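J.: Take a look at upload-v1.txt, compact mmCIF, C-alpha atoms:
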```
# COMPACT_ATOMS: atom_id res chain seq x y z
CA MET P 1 126.96 57.17 91.64
CA GLU P 2 129.11 59.05 94.10
CA THR P 3 129.00 62.81 94.11
CA LEU P 4 131.87 63.87 92.01
CA THR P 5 133.85 66.88 92.99
CA GLU P 6 135.18 69.10 90.29
CA LEU P 7 138.71 68.13 91.16
CA GLN P 8 138.00 64.46 90.53
CA TRP P 9 136.39 65.32 87.24
CA ILE P 10 139.46 67.27 86.18
CA PHE P 11 141.67 64.40 87.29
CA ASP P 12 139.62 61.92 85.27
CA VAL P 13 139.70 64.06 82.15
CA LEU P 14 143.47 64.52 82.51
CA THR P 15 143.99 60.79 82.99
CA GLY P 16 141.89 60.08 79.93
CA CYS P 17 143.77 62.61 77.83
CA GLY P 18 147.09 61.29 79.12
CA LEU P 19 146.11 57.76 78.17
CA LEU P 20 145.05 58.81 74.68
CA TRP P 21 148.20 60.86 74.20
CA LEU P 22 150.48 58.04 75.39
CA ALA P 23 148.69 55.52 73.19
CA TRP P 24 148.98 57.84 70.22
CA SER P 25 152.66 58.57 70.69
CA CYS P 26 153.37 54.90 71.41
CA LEU P 27 151.68 53.85 68.18
CA SER P 28 153.17 56.57 66.02
CA SER P 29 156.63 57.30 67.43
CA ARG P 30 159.49 56.77 65.00
CA ASN P 31 161.54 54.61 67.26
CA LEU P 32 160.19 51.20 68.23
CA HIS P 33 162.23 51.16 71.41
CA ARG P 34 160.63 54.41 72.48
CA ALA P 35 157.23 52.99 71.53
CA VAL P 36 157.74 50.06 73.90
CA VAL P 37 158.78 52.35 76.75
CA GLN P 38 155.72 54.49 76.09
CA PHE P 39 153.58 51.38 76.11
CA VAL P 40 154.89 50.52 79.58
CA SER P 41 154.05 54.01 80.87
CA PHE P 42 150.65 53.65 79.22
CA GLY P 43 150.11 50.51 81.30
CA LEU P 44 151.07 52.33 84.48
CA LEU P 45 148.65 55.16 83.73
CA MET P 46 145.99 52.54 83.00
CA SER P 47 146.43 51.15 86.50
CA LEU P 48 145.84 54.65 87.86
CA ALA P 49 142.61 54.76 85.86
CA TRP P 50 141.61 51.40 87.36
CA VAL P 51 142.09 52.81 90.85
CA ARG P 52 139.80 55.70 89.95
CA LEU P 53 137.23 53.22 88.67
CA GLU P 54 137.35 51.48 92.08
CA ALA P 55 138.92 48.35 90.66
CA PRO P 56 142.07 47.84 92.77
CA ASP P 57 142.30 44.17 91.74
CA ILE P 58 142.56 45.15 88.09
CA ALA P 59 145.00 47.93 88.96
CA LEU P 60 147.35 45.40 90.55
CA ALA P 61 147.01 43.00 87.63
CA GLU P 62 147.57 45.77 85.11
CA ALA P 63 150.65 47.11 86.87
CA ALA P 64 152.21 43.67 87.19
CA ILE P 65 151.15 42.15 83.87
CA GLY P 66 150.05 44.91 81.53
CA ALA P 67 152.97 47.18 82.27
CA GLY P 68 155.61 44.90 83.77
CA LEU P 69 155.56 41.54 82.07
CA THR P 70 154.26 42.67 78.67
CA GLY P 71 156.92 45.37 78.70
CA ALA P 72 159.66 42.84 79.48
CA LEU P 73 158.40 40.53 76.73
CA LEU P 74 158.30 43.38 74.21
CA MET P 75 161.78 44.62 75.15
CA ALA P 76 163.29 41.15 74.94
CA SER P 77 161.72 40.55 71.54
CA LEU P 78 162.75 43.96 70.27
CA ALA P 79 166.35 43.20 71.20
CA ARG P 80 166.21 40.10 69.00
CA LEU P 81 164.61 41.72 65.97
CA PRO P 82 166.94 42.32 63.03
CA LEU P 83 165.75 45.84 62.21
CA SER P 84 165.76 48.79 64.48
CA GLY P 85 162.42 50.47 64.46
CA SER P 86 163.06 53.65 62.53
CA ALA P 87 162.58 51.86 59.22
CA ASP P 88 158.94 51.10 59.73
CA ILE P 89 157.70 54.66 59.77
CA ARG P 90 159.67 55.39 56.62
CA ALA P 91 158.08 52.39 54.93
CA LEU P 92 154.71 53.68 56.02
CA LYS P 93 155.38 57.13 54.62
CA SER P 94 156.47 55.77 51.25
CA ALA P 95 153.38 53.59 51.09
CA GLU P 96 151.23 56.60 51.76
CA ARG P 97 152.78 58.56 48.94
CA ILE P 98 151.57 56.13 46.32
CA ALA P 99 148.71 57.63 44.35
CA GLY P 100 145.48 55.76 44.91
CA ALA P 101 146.53 54.94 48.43
CA ARG P 102 145.22 58.38 49.31
CA LEU P 103 141.66 57.44 48.51
CA LEU P 104 141.95 54.19 50.39
CA GLN P 105 143.37 56.07 53.35
CA LEU P 106 140.51 58.56 53.31
CA LEU P 107 137.97 55.78 53.12
CA ARG P 108 139.63 53.91 56.00
CA ASN P 109 139.82 56.98 58.22
CA SER P 110 136.21 57.95 57.61
CA LEU P 111 135.08 54.39 58.32
CA LEU P 112 137.04 54.43 61.59
CA PHE P 113 135.54 57.78 62.52
CA ALA P 114 132.03 56.55 61.78
CA PHE P 115 132.75 53.47 63.86
CA ALA P 116 133.87 55.59 66.82
CA LEU P 117 130.74 57.73 66.56
CA PHE P 118 128.61 54.60 66.41
CA ILE P 119 130.12 53.20 69.64
CA ILE P 120 129.68 56.54 71.41
CA TYR P 121 126.07 56.67 70.19
CA ALA P 122 125.48 53.13 71.45
CA ILE P 123 126.96 54.00 74.85
CA PHE P 124 124.83 57.13 75.21
CA PHE P 125 121.65 55.20 74.59
CA LEU P 126 122.32 52.58 77.22
CA PRO P 127 119.99 52.75 80.21
CA PRO P 128 121.54 55.13 82.77
CA GLU P 129 120.96 52.71 85.64
CA PHE P 130 122.22 49.19 85.58
CA SER P 131 122.75 47.07 88.65
CA GLY P 132 124.45 44.20 86.84
CA LEU P 133 125.15 41.19 88.97
CA ARG P 134 126.30 42.96 92.12
CA GLU P 135 123.20 42.05 94.14
CA GLU P 136 123.49 38.40 93.22
CA VAL P 137 127.14 38.43 94.24
CA ALA P 138 126.35 40.28 97.48
CA THR P 139 123.72 37.73 98.54
CA GLU P 140 125.88 34.72 97.71
CA ILE P 141 129.14 36.05 99.15
CA GLU P 142 128.53 34.38 102.54
CA ASN P 143 128.67 30.97 100.89
CA ALA P 144 131.70 31.79 98.77
CA GLY P 145 134.35 31.21 101.43
CA VAL P 146 136.17 34.48 100.66
CA ARG P 147 135.26 38.06 101.38
CA ASN P 148 136.75 39.78 98.34
CA PRO P 149 133.90 39.74 95.78
CA VAL P 150 136.29 39.73 92.81
CA THR P 151 138.15 36.69 94.13
CA ALA P 152 134.78 35.05 94.86
CA VAL P 153 133.69 35.60 91.26
CA LEU P 154 137.03 34.45 89.85
CA LEU P 155 137.45 31.29 91.87
CA ASN P 156 133.97 30.35 92.97
CA PHE P 157 131.05 31.75 91.01
CA ARG P 158 132.84 31.81 87.67
CA GLY P 159 135.47 29.21 88.44
CA TYR P 160 134.94 27.80 85.00
CA ASP P 161 136.36 30.96 83.40
CA THR P 162 139.45 30.82 85.56
CA PHE P 163 139.98 27.15 84.82
CA LEU P 164 139.73 27.78 81.08
CA GLU P 165 142.05 30.74 81.47
CA LEU P 166 144.72 28.53 82.99
CA LEU P 167 144.26 26.28 79.97
CA VAL P 168 144.70 29.31 77.69
CA LEU P 169 148.00 30.07 79.43
CA LEU P 170 149.02 26.45 79.00
CA GLY P 171 147.98 26.63 75.34
CA ALA P 172 150.10 29.73 74.82
CA LEU P 173 153.06 27.96 76.40
CA PHE P 174 152.53 24.98 74.08
CA GLY P 175 152.32 27.33 71.12
CA VAL P 176 155.51 29.10 72.12
CA ARG P 177 157.28 25.77 72.53
CA ILE P 178 156.02 24.52 69.17
CA VAL P 179 157.17 27.65 67.35
CA GLY P 180 160.46 26.78 69.04
CA MET P 181 162.53 29.83 68.22
CA GLN P 182 166.12 29.05 67.41
CA PRO P 183 167.89 30.57 70.37
CA VAL P 184 170.66 33.05 69.76
CA ARG P 185 173.88 32.47 71.56
CA THR P 186 175.04 35.63 73.22
CA SER P 187 177.90 35.91 75.61
CA MET P 188 176.38 36.58 78.99
CA THR P 189 178.13 39.59 80.39
CA SER P 190 177.81 39.67 84.12
CA GLU P 191 176.13 42.87 85.18
CA PRO P 192 177.02 43.57 88.81
CA VAL P 193 174.16 46.02 89.37
CA LEU P 194 171.58 43.66 87.92
CA ASN P 195 172.98 40.74 89.90
CA ILE P 196 172.79 42.62 93.19
CA LEU P 197 169.33 43.93 92.34
CA ALA P 198 168.11 40.46 91.46
CA SER P 199 169.46 38.91 94.63
CA LEU P 200 167.90 41.67 96.72
CA LEU P 201 164.56 41.82 94.95
CA THR P 202 163.81 38.15 94.35
CA PRO P 203 163.11 37.29 98.02
CA ILE P 204 161.05 40.46 98.36
CA LEU P 205 159.04 39.62 95.24
CA ILE P 206 158.36 36.12 96.55
CA LEU P 207 157.19 37.65 99.83
CA VAL P 208 154.99 40.16 97.98
CA ALA P 209 153.50 37.35 95.91
CA ALA P 210 152.70 35.36 99.03
CA TYR P 211 151.15 38.43 100.63
CA LEU P 212 149.02 39.20 97.57
CA LEU P 213 147.88 35.60 97.49
CA TRP P 214 146.92 35.61 101.13
CA ILE P 215 145.26 39.02 101.20
CA GLY P 216 143.31 38.16 98.04
CA THR P 217 140.63 36.40 100.05
CA ASP P 218 139.80 39.61 101.95
CA GLY P 219 141.04 42.53 99.87
CA ALA P 220 142.62 43.44 96.58
CA GLY P 221 144.93 40.72 95.35
CA GLY P 222 144.66 37.10 94.40
CA ALA P 223 146.15 34.32 92.35
CA PHE P 224 146.67 36.29 89.13
CA GLN P 225 148.37 39.23 90.75
CA ALA P 226 150.52 36.96 92.91
CA GLY P 227 151.36 34.79 89.91
CA ALA P 228 152.34 37.86 87.92
CA VAL P 229 154.63 39.12 90.68
CA LEU P 230 156.18 35.67 90.94
CA GLY P 231 156.63 35.65 87.17
CA ALA P 232 158.26 39.08 87.36
CA GLY P 233 160.73 37.74 89.92
CA GLY P 234 161.57 34.92 87.55
CA VAL P 235 162.02 37.35 84.66
CA LEU P 236 164.39 39.40 86.80
CA LEU P 237 166.46 36.30 87.53
CA LEU P 238 166.51 35.41 83.84
CA LEU P 239 167.63 38.94 82.98
CA ALA P 240 170.44 38.68 85.49
CA GLY P 241 171.69 35.69 83.53
CA TRP P 242 170.41 32.88 85.71
CA ARG P 243 169.36 29.82 83.76
CA PRO P 244 167.60 26.82 85.26
CA ALA P 245 169.55 23.59 85.30
CA ARG P 246 168.49 21.17 82.60
CA ALA P 247 167.32 18.65 85.15
CA LEU P 248 164.92 21.25 86.55
CA MET P 249 163.49 22.02 83.14
CA ALA P 250 162.21 18.49 82.57
CA SER P 251 159.70 16.88 84.90
CA PRO P 252 159.77 19.38 87.83
CA PHE P 253 159.01 22.20 85.39
CA ARG P 254 156.21 20.31 83.67
CA SER P 255 154.55 19.17 86.86
CA LEU P 256 154.64 22.68 88.32
CA VAL P 257 153.13 24.14 85.14
CA LEU P 258 150.39 21.53 85.23
CA LEU P 259 149.79 21.91 88.97
CA GLY P 260 147.25 24.74 88.59
CA PRO P 261 145.05 23.15 85.90
CA LEU P 262 145.21 19.74 87.61
CA ALA P 263 144.28 21.22 90.99
CA PHE P 264 141.35 22.90 89.27
CA VAL P 265 140.19 19.63 87.72
CA PHE P 266 140.47 17.91 91.08
CA VAL P 267 138.56 20.62 92.95
CA ALA P 268 135.96 20.83 90.18
CA VAL P 269 135.27 17.11 90.20
CA LEU P 270 135.31 16.72 93.99
CA PRO P 271 131.79 18.19 94.54
CA LEU P 272 130.38 15.68 92.03
CA LEU P 273 131.07 12.89 94.54
CA SER P 274 128.75 14.50 97.10
CA GLY P 275 125.96 15.08 94.61
CA ARG P 276 126.74 18.71 93.83
CA ALA P 277 127.32 20.33 90.47
CA LEU P 278 130.72 20.73 88.85
CA LEU P 279 132.80 23.38 90.67
CA GLN P 280 130.05 23.87 93.30
CA TYR P 281 132.10 23.81 96.49
CA PRO P 282 130.44 22.95 99.80
CA PRO P 283 130.09 26.35 101.61
CA ASP P 284 131.87 25.27 104.80
CA SER P 285 135.07 24.15 103.10
CA ALA P 286 134.96 26.62 100.19
CA GLY P 287 137.49 28.95 101.83
CA THR P 288 140.11 26.24 102.26
CA LEU P 289 139.56 24.87 98.77
CA ILE P 290 139.89 28.33 97.23
CA VAL P 291 143.14 29.05 99.06
CA LEU P 292 144.60 25.71 97.97
CA LEU P 293 143.44 26.34 94.43
CA GLU P 294 144.96 29.81 94.49
CA ILE P 295 148.32 28.52 95.70
CA ALA P 296 148.44 25.98 92.88
CA ALA P 297 147.25 28.53 90.32
CA THR P 298 149.78 31.14 91.49
CA LEU P 299 152.70 28.74 91.10
CA SER P 300 151.53 27.67 87.65
CA ILE P 301 150.80 31.20 86.44
CA GLY P 302 154.14 32.50 87.70
CA LEU P 303 156.10 29.68 86.13
CA THR P 304 154.19 29.85 82.84
CA LEU P 305 154.70 33.60 82.49
CA CYS P 306 158.36 33.14 83.29
CA ALA P 307 158.68 30.34 80.71
CA LEU P 308 156.99 32.50 78.08
CA PHE P 309 159.64 35.11 78.73
CA LEU P 310 162.45 32.55 78.63
CA ASN P 311 161.39 31.50 75.15
CA VAL P 312 161.25 35.03 73.82
CA SER P 313 164.63 35.87 75.27
CA ALA P 314 166.17 32.40 74.99
CA ASP P 315 169.87 32.83 74.63
CA ASP P 316 171.52 29.79 76.07
CA GLY P 317 172.30 26.63 74.21
CA GLU P 318 169.40 24.53 73.07
CA GLN P 319 165.75 24.29 73.87
CA PRO P 320 165.00 22.43 77.08
CA MET J 1 126.74 58.37 83.49
CA ASN J 2 128.29 61.80 83.57
CA ALA J 3 131.05 60.81 85.96
CA LEU J 4 132.03 57.88 83.80
CA LEU J 5 132.16 59.84 80.60
CA PRO J 6 135.93 60.51 80.60
CA TYR J 7 136.77 56.82 80.90
CA THR J 8 134.19 55.51 78.44
CA LEU J 9 135.23 58.08 75.85
CA THR J 10 138.90 57.28 76.50
CA GLY J 11 138.09 53.60 75.98
CA VAL J 12 136.43 54.31 72.64
CA GLY J 13 139.35 56.52 71.64
CA LEU J 14 141.93 53.89 72.59
CA PHE J 15 140.09 51.20 70.65
CA CYS J 16 139.93 53.32 67.53
CA LEU J 17 143.55 54.51 67.83
CA GLY J 18 144.65 50.90 68.15
CA LEU J 19 142.53 49.82 65.20
CA HIS J 20 143.96 52.62 63.08
CA ALA J 21 147.52 51.68 63.95
CA LEU J 22 146.76 48.00 63.37
CA LEU J 23 145.58 48.78 59.85
CA THR J 24 148.26 51.28 58.88
CA HIS J 25 151.58 50.12 60.30
CA PRO J 26 153.40 47.41 58.40
CA HIS J 27 155.74 46.55 61.27
CA LEU J 28 154.43 43.57 63.19
CA LEU J 29 155.67 44.64 66.62
CA ARG J 30 153.69 47.83 66.15
CA LYS J 31 150.62 45.75 65.29
CA ILE J 32 151.06 43.76 68.52
CA LEU J 33 151.23 47.02 70.47
CA ALA J 34 148.11 48.21 68.64
CA VAL J 35 146.13 45.10 69.57
CA ASN J 36 147.14 45.57 73.21
CA VAL J 37 145.97 49.19 73.15
CA MET J 38 142.67 48.09 71.60
CA GLY J 39 142.24 45.55 74.37
CA SER J 40 142.87 48.19 77.04
CA GLY J 41 140.15 50.31 75.44
CA VAL J 42 137.65 47.47 75.60
CA PHE J 43 138.52 46.75 79.25
CA LEU J 44 138.10 50.41 80.14
CA ILE J 45 134.64 50.61 78.53
CA LEU J 46 133.56 47.36 80.18
CA VAL J 47 134.47 48.43 83.72
CA ALA J 48 133.39 52.06 83.34
CA LEU J 49 129.96 51.07 82.05
CA ALA J 50 129.51 48.56 84.85
CA LYS J 51 129.71 51.42 87.35
CA ARG J 52 126.52 53.19 86.28
CA SER J 53 124.40 52.53 89.34
CA ASP J 54 123.49 54.16 92.64
CA SER J 55 125.08 51.34 94.55
CA PRO J 56 128.37 52.28 96.24
CA VAL J 57 129.93 48.84 95.66
CA PRO J 58 131.29 48.24 92.18
CA ASP J 59 130.08 45.21 90.22
CA PRO J 60 132.73 42.51 90.68
CA VAL J 61 131.79 40.39 87.66
CA PRO J 62 133.12 42.71 84.91
CA GLN J 63 136.21 43.29 87.05
CA ALA J 64 136.86 39.57 87.24
CA LEU J 65 136.32 39.34 83.48
CA VAL J 66 138.87 42.08 82.88
CA ILE J 67 141.49 40.41 85.10
CA THR J 68 140.99 37.24 83.10
CA GLY J 69 141.27 39.31 79.93
CA ILE J 70 144.56 40.90 80.98
CA VAL J 71 146.16 37.50 81.61
CA VAL J 72 144.85 36.13 78.30
CA ALA J 73 146.20 39.25 76.57
CA VAL J 74 149.71 38.71 77.92
CA ALA J 75 149.62 35.04 76.87
CA ALA J 76 148.49 36.01 73.37
CA THR J 77 151.16 38.72 73.20
CA ALA J 78 153.87 36.23 74.14
CA LEU J 79 152.69 33.84 71.44
CA ALA J 80 152.46 36.64 68.87
CA LEU J 81 155.98 37.83 69.73
CA ASN J 82 157.30 34.31 69.29
CA LEU J 83 155.67 34.02 65.88
CA LEU J 84 157.14 37.42 65.02
CA LEU J 85 160.62 36.31 66.07
CA GLY J 86 160.18 33.11 64.07
CA LEU J 87 159.21 35.11 60.98
CA ALA J 88 162.10 37.51 61.48
CA ALA J 89 164.54 34.62 61.85
CA SER J 90 163.35 32.83 58.73
CA SER J 91 162.73 35.79 56.42
CA GLY J 92 164.90 38.52 57.92
CA LYS J 93 161.93 40.86 57.96
CA ALA J 94 159.64 41.92 60.75
CA GLU J 95 157.16 43.64 58.50
CA LEU J 96 154.29 42.59 56.35
CA ALA J 97 154.92 42.91 52.63
CA GLU J 98 153.55 46.11 51.19
CA ASP J 99 150.63 45.06 49.09
CA LEU J 100 150.04 48.62 48.00
CA ASP J 101 152.95 48.91 45.57
CA GLU J 102 152.25 46.00 43.30
```
Would you mind writing the file's structure down as C-alpha cells?

T.:
Amino acid sequence: METLTELQWIFDVLTGCGLLWLAWSCLSSRNLHRAVVQFVSFGLLMSLAWVRLEAPDIALAEAAIGAGLTGALLMASLARLPLSGSADIRALKSAERIAGARLLQLLRNSLLFAFALFIIYAIFFLPPEFSGLREEVATEIENAGVRNPVTAVLLNFRGYDTFLELLVLLGALFGVRIVGMQPVRTSMTSEPVLNILASLLTPILILVAAYLLWIGTDGAGGAFQAGAVLGAGGVLLLLAGWRPARALMASPFRSLVLLGPLAFVFVAVLPLLSGRALLQYPPDSAGTLIVLLEIAATLSIGLTLCALFLNVSADDGEQP
Amino acid sequence: MNALLPYTLTGVGLFCLGLHALLTHPHLLRKILAVNVMGSGVFLILVALAKRSDSPVPDPVPQALVITGIVVAVAATALALNLLLGLAASSGKAELAEDLDE
C-alpha cells in the first residue's frame, strides 16, 4: 500500500462523503428530473473515485457509460413518462402515514442497518494482505499480445467474459426490440445550437473513439470505452434529430450489431484448429487478433448502445 | 486497509442507500436509479478491496470485471427503461400499486 499523505486521506473522505450525499439526494429529491441530473453528477464523481483507486480504465468507462449514456437514457425516458416526478414523493409520504406502516418501516430500516453493519464486519475481518491474481497476470502478460493488463484480462485471459458480455448487450437489444415501445410522434424542431454542436462534435468523438481503441493495448482505454464514446456520438446525432434511413436500419444495421459477437466466435474457434483450447490465441499473433477483435467489438458496442437509446427515445414513424 | 477505508465504507453506504430507496419508492424510475446506485456500491467495494496489498500495481482482474459490470448495467437499465415506458404507455402509470393501503 502506498504511503498515504494526509491530504489524500482528506480527499478520499470528501469524495466518499460527496458520493453518499449525491446518491442520497438523487434518491430522495422531490423532482425526478433533478434526481436524474444528480445521478449524472454522481457518475462523474464516481469516475474521480476510480482514478483515486488507480483504475483509469474504469474511470473512462464510468464517465462515458455510467454518467453519459445512462444519463441520456434516463433523460429520454423521463421526457416520455406521463407524470412529472413530484407526485412520487407525495405518494410515498401518504403511504408512510398509514398506521401499521410505521412498524413495517421500523423493521425494514433496522434490518437494513443490521445488514450494513454485517457487511462492514465482514470487510474488517478479511485478511489485510491479498495479492489476488496480479502475479499471474504479470507473468503471463508477455504472451498476451497487449501491454495494458486490464485489456489483456478482458480480451485474452478472460475473453469468455467479454464474449458473453457482448451477448448480454445483444440480448438487451433483442429485449428492447421485443418490448417494442409504440413510438410517439413529435414534431422535430430544428435546434440550431444542437445541430452545430453535433456536426462539430461527431467527427471529434469518432476520432476519440479510435484513439481510445488504439491506446487500449498500451494504456487506459479499450473496446468498451471506445464503443461507449462512439455510442455517445450516435446519441448526439439522434438528439439533433438525425434518423437513419430505413434501408440502413435493415441488413447493414443487423450485420454491424452482430459483427462483434461473430468476430469473437471466429477468433475463439480459430485456435481449436491448431490444437489449442478455445480462445487460447497463439502468443505471436495475439496482438493482431486482439486489435481486430477490439475493432469489431467497438463498432458493435457503439451501435448497440446507440440503438438502445433510439428505442427509448423513438419518435419517428414506425419501428424499423 | 486503512487507506481503502473511505471507499469501502462509501461502497457499503451506497449499496444500503440504494436498497433502501429500492424498497421505499413506488416510482419505477426511482427504483432503476436505486439499482444503479447499488451497483456502483458493489463495484466500489470490489475494486477497493482488491487493492489491499503491498504491490504497487493494482490487480487488473477485478477492474476488468467492473468494466464488464458497467456495460451490463447500462444494458439492463436500457431494458428496464423500455419496460417502464411500455407499462406507462399501457396503464398510464409509472408507479407500482400501493399494496399498503388495501

J.: For a test of reading the model, state the distance in Å between CA of Phe309 in chain P and CA of Ala76 in chain P, rounded to one decimal.

T.: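 One can read the CA of Phe309 in chain P to CA of Ala76 in chain P distance as 8.0 Å.
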
J.: Which is closest to Ala64 in chain P among P:Val312, P:Ala114, P:Ala226, P:Leu20, if we use only C-alpha atoms?

T.: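 Once distances to Ala64 in chain P are computed over only C-alpha atoms, the minimum belongs to P:Ala226.
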
J.: Using all atoms listed in the file, list the residues that have an atom at most 10 Å from (127.7, 49.3, 96.1), coordinates as in the file, as a PyMOL selection string.

T.: (chain P and resi 1+131+134-135+138) or (chain J and resi 51+53-59)

J.: Quick one: contact table of chain J to chain P, 7 Å max, nearest atom pair and distance in Å to one decimal per residue, counting only C-alpha atoms, chain and number order, as a Markdown table?

T.:
```
| residue | atom | partner | partner_atom | distance |
| --- | --- | --- | --- | --- |
| J:Met1 | CA | P:Pro128 | CA | 6.2 |
| J:Ala3 | CA | P:Leu4 | CA | 6.8 |
| J:Pro6 | CA | P:Val13 | CA | 5.4 |
| J:Tyr7 | CA | P:Gly16 | CA | 6.1 |
| J:Thr10 | CA | P:Gly16 | CA | 5.3 |
| J:Val12 | CA | P:Ala116 | CA | 6.5 |
| J:Gly13 | CA | P:Leu20 | CA | 6.9 |
| J:Leu14 | CA | P:Leu20 | CA | 6.2 |
| J:Cys16 | CA | P:Ala116 | CA | 6.5 |
| J:Leu17 | CA | P:Trp24 | CA | 6.8 |
| J:Ala21 | CA | P:Leu27 | CA | 6.3 |
| J:His25 | CA | P:Leu92 | CA | 6.4 |
| J:Pro26 | CA | P:Asp88 | CA | 6.8 |
| J:His27 | CA | P:Asp88 | CA | 5.8 |
| J:Arg30 | CA | P:Leu27 | CA | 6.7 |
| J:Ala34 | CA | P:Leu27 | CA | 6.7 |
| J:Val37 | CA | P:Ala23 | CA | 6.9 |
| J:Ala48 | CA | P:Leu53 | CA | 6.7 |
| J:Ala50 | CA | P:Gly132 | CA | 7.0 |
| J:Arg52 | CA | P:Glu129 | CA | 5.6 |
| J:Ser53 | CA | P:Glu129 | CA | 5.1 |
| J:Asp54 | CA | P:Met1 | CA | 4.7 |
| J:Ser55 | CA | P:Met1 | CA | 6.8 |
| J:Pro56 | CA | P:Met1 | CA | 6.9 |
| J:Pro58 | CA | P:Glu54 | CA | 6.9 |
| J:Asp59 | CA | P:Arg134 | CA | 4.8 |
| J:Pro60 | CA | P:Val150 | CA | 5.0 |
| J:Val61 | CA | P:Val153 | CA | 6.3 |
| J:Gln63 | CA | P:Ile58 | CA | 6.7 |
| J:Ala64 | CA | P:Val150 | CA | 5.6 |
| J:Ile67 | CA | P:Ile58 | CA | 5.7 |
| J:Thr68 | CA | P:Glu165 | CA | 6.8 |
| J:Ile70 | CA | P:Gly66 | CA | 6.8 |
| J:Val72 | CA | P:Val168 | CA | 6.8 |
| J:Val74 | CA | P:Thr70 | CA | 6.1 |
| J:Ala75 | CA | P:Ala172 | CA | 5.7 |
| J:Ala76 | CA | P:Ala172 | CA | 6.6 |
| J:Ala78 | CA | P:Leu308 | CA | 6.3 |
| J:Leu79 | CA | P:Val176 | CA | 5.6 |
| J:Leu81 | CA | P:Ser77 | CA | 6.6 |
| J:Asn82 | CA | P:Val312 | CA | 6.1 |
| J:Leu83 | CA | P:Val179 | CA | 6.7 |
| J:Leu85 | CA | P:Leu81 | CA | 6.7 |
| J:Gly86 | CA | P:Met181 | CA | 5.8 |
| J:Ala88 | CA | P:Leu81 | CA | 6.6 |
| J:Gly92 | CA | P:Pro82 | CA | 6.7 |
| J:Leu100 | CA | P:Ala95 | CA | 6.7 |
```

J.: For Gly219 in chain P, please output as a PyMOL selection string all residues within 8 Å (counting only C-alpha atoms; exclusion window: fewer than 3 positions along the same chain).

T.: chain P and resi 147-148+215-216

J.: Should you be able to, write range 55-66 of chain J of this structure into a file that contains N, CA, C and O atoms, as a compact mmCIF listing (two decimals), in the first residue's frame.

T.:
```txt
# COMPACT_ATOMS: atom_id res chain seq x y z
N SER J 55 1.91 -4.61 -3.19
CA SER J 55 2.32 -4.44 -4.58
C SER J 55 1.85 -3.09 -5.12
O SER J 55 0.72 -2.68 -4.87
N PRO J 56 2.72 -2.38 -5.84
CA PRO J 56 2.31 -1.07 -6.37
C PRO J 56 1.34 -1.17 -7.54
O PRO J 56 0.61 -0.23 -7.80
N VAL J 57 1.34 -2.30 -8.26
CA VAL J 57 0.42 -2.41 -9.40
C VAL J 57 -0.93 -2.92 -8.90
O VAL J 57 -0.99 -3.85 -8.12
N PRO J 58 -2.01 -2.28 -9.36
CA PRO J 58 -3.33 -2.76 -8.96
C PRO J 58 -3.67 -4.08 -9.67
O PRO J 58 -3.12 -4.38 -10.73
N ASP J 59 -4.54 -4.85 -9.04
CA ASP J 59 -4.96 -6.13 -9.62
C ASP J 59 -5.91 -5.88 -10.80
O ASP J 59 -6.97 -5.28 -10.62
N PRO J 60 -5.53 -6.28 -12.01
CA PRO J 60 -6.37 -5.95 -13.16
C PRO J 60 -7.65 -6.77 -13.27
O PRO J 60 -8.58 -6.35 -13.96
N VAL J 61 -7.70 -7.94 -12.61
CA VAL J 61 -8.87 -8.80 -12.82
C VAL J 61 -10.17 -8.19 -12.29
O VAL J 61 -11.15 -8.11 -13.02
N PRO J 62 -10.20 -7.69 -11.03
CA PRO J 62 -11.43 -7.04 -10.58
C PRO J 62 -11.78 -5.82 -11.42
O PRO J 62 -12.96 -5.55 -11.67
N GLN J 63 -10.74 -5.11 -11.90
CA GLN J 63 -11.03 -3.93 -12.73
C GLN J 63 -11.73 -4.33 -14.02
O GLN J 63 -12.69 -3.70 -14.45
N ALA J 64 -11.24 -5.43 -14.63
CA ALA J 64 -11.88 -5.90 -15.85
C ALA J 64 -13.31 -6.33 -15.56
O ALA J 64 -14.23 -6.06 -16.33
N LEU J 65 -13.51 -6.98 -14.41
CA LEU J 65 -14.85 -7.41 -14.02
C LEU J 65 -15.78 -6.21 -13.90
O LEU J 65 -16.93 -6.25 -14.33
N VAL J 66 -15.25 -5.12 -13.30
CA VAL J 66 -16.11 -3.95 -13.08
C VAL J 66 -16.46 -3.29 -14.41
O VAL J 66 -17.59 -2.85 -14.61
```
